[in-house]
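query-v4.txt (compact mmCIF, C-alpha atoms)
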```txt
# COMPACT_ATOMS: atom_id res chain seq x y z
CA GLN A 16 0.00 0.00 0.00
CA GLN A 17 3.06 2.23 0.05
CA PRO A 18 2.89 4.78 -2.79
CA VAL A 19 5.54 4.40 -5.48
CA GLN A 20 7.60 7.40 -6.53
CA SER A 21 9.42 7.93 -9.79
CA PRO A 22 12.08 8.67 -10.71
CA GLN A 23 14.21 7.49 -7.78
CA ALA A 24 16.75 10.21 -8.46
CA VAL A 25 17.18 13.16 -10.79
CA ILE A 26 20.00 15.61 -11.44
CA LEU A 27 19.23 19.07 -12.81
CA ARG A 28 21.05 22.22 -13.74
CA GLU A 29 19.86 25.40 -12.08
CA GLY A 30 16.89 26.79 -13.98
CA GLU A 31 15.75 23.45 -15.40
CA ASP A 32 12.38 21.86 -14.69
CA ALA A 33 11.57 18.51 -13.08
CA VAL A 34 8.55 16.32 -12.52
CA ILE A 35 8.22 13.81 -9.68
CA ASN A 36 5.43 11.26 -9.75
CA CYS A 37 3.63 9.48 -6.92
CA SER A 38 1.41 6.51 -7.75
CA SER A 39 -0.88 4.49 -5.55
CA SER A 40 -2.61 1.14 -6.01
CA LYS A 41 -5.56 2.33 -3.94
CA ALA A 42 -7.93 5.27 -4.28
CA LEU A 43 -6.31 8.57 -3.41
CA TYR A 44 -8.15 11.25 -1.44
CA SER A 45 -5.23 13.59 -1.16
CA VAL A 46 -1.47 13.67 -1.62
CA HIS A 47 0.94 15.40 0.73
CA TRP A 48 4.39 16.46 -0.46
CA TYR A 49 7.46 16.99 1.72
CA ARG A 50 11.10 17.85 1.06
CA GLN A 51 13.89 16.60 3.28
CA LYS A 52 17.44 17.88 3.16
CA HIS A 53 20.23 15.65 4.37
CA GLY A 54 20.26 15.39 8.14
CA GLU A 55 17.15 17.55 8.53
CA ALA A 56 13.46 16.98 9.17
CA PRO A 57 10.97 16.65 6.31
CA VAL A 58 9.46 20.05 5.54
CA PHE A 59 5.84 20.39 4.43
CA LEU A 60 5.49 21.61 0.83
CA MET A 61 1.88 21.15 -0.14
CA ILE A 62 -1.35 19.22 0.02
CA LEU A 63 -3.15 18.31 -3.18
CA LEU A 64 -6.79 17.32 -2.89
CA LYS A 65 -8.65 14.93 -5.15
CA GLY A 66 -10.58 17.78 -6.76
CA GLY A 67 -7.36 19.56 -7.71
CA GLU A 68 -7.31 22.17 -4.96
CA GLN A 69 -3.91 22.67 -3.46
CA LYS A 70 -2.45 24.37 -0.41
CA GLY A 71 1.21 25.12 -0.07
CA HIS A 72 4.34 26.34 -1.76
CA GLU A 73 4.14 29.35 -4.07
CA LYS A 74 6.71 28.13 -6.58
CA ILE A 75 5.77 24.47 -6.63
CA SER A 76 2.64 23.06 -8.19
CA ALA A 77 1.13 19.63 -8.49
CA SER A 78 -1.55 17.79 -10.40
CA PHE A 79 -3.82 14.86 -9.62
CA ASN A 80 -4.73 12.19 -12.17
CA GLU A 81 -7.63 10.32 -10.66
CA LYS A 82 -7.74 7.77 -13.46
CA LYS A 83 -4.12 6.79 -12.87
CA GLN A 84 -4.31 7.34 -9.10
CA GLN A 85 -1.20 9.43 -9.52
CA SER A 86 0.02 12.84 -8.44
CA SER A 87 2.82 14.75 -10.14
CA LEU A 88 4.92 17.45 -8.49
CA TYR A 89 6.24 20.14 -10.84
CA LEU A 90 9.43 22.00 -9.99
CA THR A 91 9.99 24.81 -12.48
CA ALA A 92 13.06 26.99 -12.90
CA SER A 93 14.79 24.96 -10.19
CA GLN A 94 17.05 26.64 -7.69
CA LEU A 95 19.97 25.21 -5.74
CA SER A 96 17.77 25.26 -2.64
CA TYR A 97 15.41 22.74 -4.24
CA SER A 98 17.95 19.96 -3.71
CA GLY A 99 16.84 17.26 -1.32
CA THR A 100 14.70 14.15 -1.12
CA TYR A 101 11.04 14.57 -1.98
CA PHE A 102 8.46 12.34 -0.32
CA CYS A 103 4.82 11.96 -1.12
CA GLY A 104 2.44 10.81 1.59
CA THR A 105 -1.03 9.43 1.03
CA PRO A 106 -3.70 8.95 3.71
CA TYR A 107 -4.25 5.33 4.72
CA ASN A 108 -7.94 6.07 4.47
CA GLN A 109 -9.84 9.30 4.03
CA GLY A 110 -8.44 11.62 6.66
CA GLY A 111 -6.21 8.94 8.13
CA LYS A 112 -2.51 8.47 8.82
CA LEU A 113 -0.01 9.09 6.02
CA ILE A 114 1.87 6.33 4.23
CA PHE A 115 5.04 7.73 2.66
CA GLY A 116 6.72 6.75 -0.58
CA GLN A 117 10.35 5.75 -0.77
CA GLY A 118 11.47 9.22 -1.86
CA THR A 119 12.95 10.90 -4.93
CA GLU A 120 16.40 12.42 -4.56
CA LEU A 121 16.75 15.69 -6.45
CA SER A 122 20.11 17.36 -7.00
CA VAL A 123 20.31 20.82 -8.54
CA LYS A 124 23.75 21.77 -9.82
CA PRO A 125 24.98 25.29 -10.63
CA GLU B 7 5.75 30.04 16.04
CA ALA B 8 8.02 27.44 17.64
CA GLY B 9 8.31 24.16 15.79
CA VAL B 10 8.33 20.59 17.02
CA ALA B 11 11.18 20.04 19.46
CA GLN B 12 13.00 16.76 19.95
CA SER B 13 15.86 15.60 22.11
CA PRO B 14 18.43 14.28 22.11
CA ARG B 15 19.53 14.91 18.51
CA TYR B 16 21.98 12.02 18.50
CA LYS B 17 22.35 8.89 20.57
CA ILE B 18 24.78 6.00 20.38
CA ILE B 19 24.09 2.90 22.47
CA GLU B 20 25.05 -0.74 22.52
CA LYS B 21 22.57 -3.46 21.67
CA ARG B 22 20.39 -4.61 24.56
CA GLN B 23 20.62 -1.19 26.20
CA SER B 24 17.58 1.05 26.59
CA VAL B 25 17.03 4.53 25.20
CA ALA B 26 14.35 7.20 25.41
CA PHE B 27 13.44 10.05 23.09
CA TRP B 28 11.45 13.14 23.95
CA CYS B 29 9.13 15.26 21.80
CA ASN B 30 7.37 18.57 22.42
CA PRO B 31 4.79 19.29 19.71
CA ILE B 32 3.66 22.62 18.36
CA SER B 33 1.39 24.32 20.87
CA GLY B 34 -2.25 23.49 20.28
CA HIS B 35 -1.64 20.48 18.05
CA ALA B 36 -3.72 17.62 19.40
CA THR B 37 -2.30 14.90 17.18
CA LEU B 38 1.24 13.61 17.62
CA TYR B 39 3.09 10.98 15.62
CA TRP B 40 6.30 9.01 16.04
CA TYR B 41 7.98 7.78 12.87
CA GLN B 42 11.01 5.61 12.22
CA GLN B 43 13.09 6.54 9.18
CA ILE B 44 15.74 4.12 8.03
CA LEU B 45 18.43 5.53 5.77
CA GLY B 46 17.21 5.83 2.20
CA GLN B 47 13.55 5.21 3.03
CA GLY B 48 10.47 7.25 3.76
CA PRO B 49 9.22 7.75 7.32
CA LYS B 50 7.32 4.76 8.71
CA LEU B 51 4.62 5.40 11.30
CA LEU B 52 5.15 3.83 14.69
CA ILE B 53 2.37 5.35 16.77
CA GLN B 54 -0.27 8.08 16.59
CA PHE B 55 -1.71 9.93 19.59
CA GLN B 56 -4.79 12.11 19.74
CA ASN B 57 -4.40 14.22 22.88
CA ASN B 58 -3.19 11.62 25.41
CA GLY B 59 -4.89 8.63 23.82
CA VAL B 60 -3.42 6.15 21.34
CA VAL B 61 -5.17 6.17 17.95
CA ASP B 62 -2.94 3.72 16.07
CA ASP B 63 -0.02 1.66 17.34
CA SER B 64 -0.39 -1.23 14.90
CA GLN B 65 3.16 -0.76 13.56
CA LEU B 66 4.82 -0.40 16.96
CA PRO B 67 6.97 -3.42 17.98
CA LYS B 68 5.39 -3.62 21.39
CA ASP B 69 7.79 -6.21 22.74
CA ARG B 70 10.51 -3.57 22.82
CA PHE B 71 9.00 -0.19 21.97
CA SER B 72 6.71 1.86 24.18
CA ALA B 73 5.39 5.40 24.00
CA GLU B 74 3.32 7.67 26.13
CA ARG B 75 1.90 11.14 25.94
CA LEU B 76 1.09 12.35 29.41
CA LYS B 77 -1.28 15.32 29.73
CA GLY B 78 -1.72 15.37 25.95
CA VAL B 79 1.37 17.49 25.28
CA ASP B 80 4.92 16.06 25.47
CA SER B 81 5.62 12.52 24.43
CA THR B 82 8.36 9.98 25.03
CA LEU B 83 9.31 6.97 22.96
CA LYS B 84 11.35 4.21 24.57
CA ILE B 85 13.20 1.24 23.20
CA GLN B 86 14.15 -1.56 25.59
CA PRO B 87 16.18 -3.56 24.74
CA ALA B 88 17.60 -2.04 21.54
CA LYS B 89 18.61 -4.16 18.56
CA LEU B 90 21.03 -3.35 15.76
CA GLU B 91 18.14 -2.93 13.31
CA ASP B 92 16.72 -0.11 15.44
CA SER B 93 19.43 2.18 14.09
CA ALA B 94 17.45 4.93 12.37
CA VAL B 95 16.19 8.47 12.71
CA TYR B 96 13.16 8.79 14.97
CA LEU B 97 10.93 11.64 13.88
CA CYS B 98 8.16 13.24 15.86
CA ALA B 99 5.42 15.17 14.09
CA SER B 100 2.39 17.10 15.23
CA SER B 101 -0.54 18.17 13.12
CA PHE B 102 -3.59 20.38 12.80
CA TRP B 103 -6.73 20.09 10.71
CA ASP B 104 -8.28 22.70 8.42
CA GLN B 105 -10.43 22.65 5.31
CA TRP B 106 -7.51 21.12 3.42
CA GLY B 107 -7.23 18.18 5.72
CA GLU B 108 -4.42 17.36 8.11
CA THR B 109 -1.01 19.05 7.84
CA GLN B 110 1.87 17.44 9.69
CA TYR B 111 4.97 19.28 10.87
CA PHE B 112 8.08 17.32 11.72
CA GLY B 113 10.71 17.84 14.38
CA PRO B 114 14.45 17.60 13.63
CA GLY B 115 14.58 13.95 14.66
CA THR B 116 16.81 11.85 16.89
CA ARG B 117 19.50 9.90 15.08
CA LEU B 118 20.04 6.57 16.88
CA LEU B 119 22.99 4.28 16.28
CA VAL B 120 22.94 0.87 17.93
CA LEU B 121 26.33 -0.87 18.08
```
Please, can you express the file's structure as structure tokens?
Amino acid sequence: QQPVQSPQAVILREGEDAVINCSSSKALYSVHWYRQKHGEAPVFLMILLKGGEQKGHEKISASFNEKKQQSSLYLTASQLSYSGTYFCGTPYNQGGKLIFGQGTELSVKP
Amino acid sequence: EAGVAQSPRYKIIEKRQSVAFWCNPISGHATLYWYQQILGQGPKLLIQFQNNGVVDDSQLPKDRFSAERLKGVDSTLKIQPAKLEDSAVYLCASSFWDQWGETQYFGPGTRLLVL
């Protein structure tokens, strides 16, 4: 029931765009995105609801494909500060505890 | 606004010893979580509290792990006795609910190494 993230890792140059996907085998009600830098706590980025509404980061957006039970996180014009491991979390049931994916490691180079 | 506080930040112990971690959630957050994060993996839920009651401890290895949240604020997680495979980062998170659902905020974690 753990969501599956892809790709596992991505390397970008500053200013490039990236997409991180989060897929689930069960119905998704919402997807929560976090970024974790090495040795630090995961930091909340955004919540994406099933209807497409989203709360969170100004420079990061996400989409929800209900047919595929997949969410995609879009990082545009990446900055060095975007480097880290991105985790998606999906509620175990509607409004329940989060189950996290295995993470996507993003490295932004100058 | 102060974030989630955890201590200690690092702990090294030998197997079969005991260890305890402390968490102080964000003021006003009724829900508190303990997660275990093994290197290279996502956080895995150990236990969820709502105020001072346990909501979900299905993933907690109860033969060696215990947790409590007295007075519905601070929480402690204990491991006794520790095994090598308990080496991980232990994250505490607290959350609030709004029209968007539940938003969790994580503490800095305690990095445990069992030798």
Any idea which chain A residues end up within 12 Å of chain B if we count all atoms listed in the file, as JSON, numbers by chain please? {"A": [17, 18, 19, 20, 23, 24, 44, 45, 46, 47, 48, 49, 50, 51, 52, 53, 54, 55, 56, 57, 58, 59, 60, 61, 62, 63, 64, 65, 66, 67, 68, 69, 70, 71, 99, 100, 101, 102, 103, 104, 105, 106, 107, 109, 110, 111, 112, 113, 114, 115, 116, 117, 118, 119, 120]}
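Here the residues that fall within 12 Å of (21.9, 1.7, 28.6), using all atoms listed in the file, are given as B:Lys17, B:Ile18, B:Ile19, B:Glu20, B:Lys21, B:Arg22, B:Gln23, B:Ser24, B:Val25, B:Ala26, B:Lys84, B:Ile85, B:Gln86, B:Pro87, B:Ala88, B:Val120, B:Leu121.
Atom CA of Phe55 of chain B is found 18.5 Å from atom CA of Arg70 of chain B.
The coordinates place atom CA of Lys77 of chain B at 27.6 Å from atom CA of Ala94 of chain B.
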Atomic separation - atom CA of Leu43 of chain A relative to atom CA of Gln56 of chain B, Å: 23.5 Å
Would you compute, for all listed atoms of segment 67-77 of chain A, the axis-aligned bounding box grown by 5 Å on each side, and then report its centre and edge lengths in Å rounded to one decimal, as AutoDock Vina command-line options?
```
--center_x -0.3 --center_y 24.5 --center_z -4.3 --size_x 24.1 --size_y 19.8 --size_z 18.4
```
Protein/DNA/RNA residues near (4.8, 9.5, -8.6), cut 6 Å, all atoms listed in the file, as a list in words: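 Here is the list of nearby residues: Gln20, Ser21, Ile35, Asn36, Cys37, Ser38, Ser86 and Ser87 of chain A.
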B:Gly59, B:Pro14, B:Gly9, B:Pro67 ranked by distance to Ala36 of chain B, top pick (using only C-alpha atoms):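 Nearest to Ala36 of chain B: B:Gly59.
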Determine, counting all atoms listed in the file, which protein, DNA and RNA residues have an atom within 10 Å of an atom of Ala8 of chain B; residues of the same chain fewer than 5 positions away are not included. Present the result as a PyMOL selection string. chain B and resi 31-33
Which of A:Lys74, A:Ala33, A:Ser122, A:Ala42 sits closest to Leu95 of chain A [using only C-alpha atoms]: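 Among the listed residues, A:Ser122 lies closest to Leu95 of chain A.
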Leu88 of chain A: which residues within 8 Å, counting all atoms listed in the file, same-chain residues fewer than 5 positions away excluded, as a list of chain:residue names?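 Skipping anything fewer than 5 positions along the chain leaves A:Val34, A:Ile35, A:Asn36, A:Ile75, A:Ser76, A:Ala77, A:Ser78.
You can rank B:Trp40, B:Leu118, B:Lys89, B:Phe102 by their closest distance to Asp63 of chain B using only C-alpha atoms, and at the top of that list sits B:Trp40.
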Would you please work out which residue, of B:Asn58, B:Ser64, B:Gln43, B:Tyr96, is nearest to Phe27 of chain B when using only C-alpha atoms?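 Closest residue, counting only C-alpha atoms: B:Tyr96.
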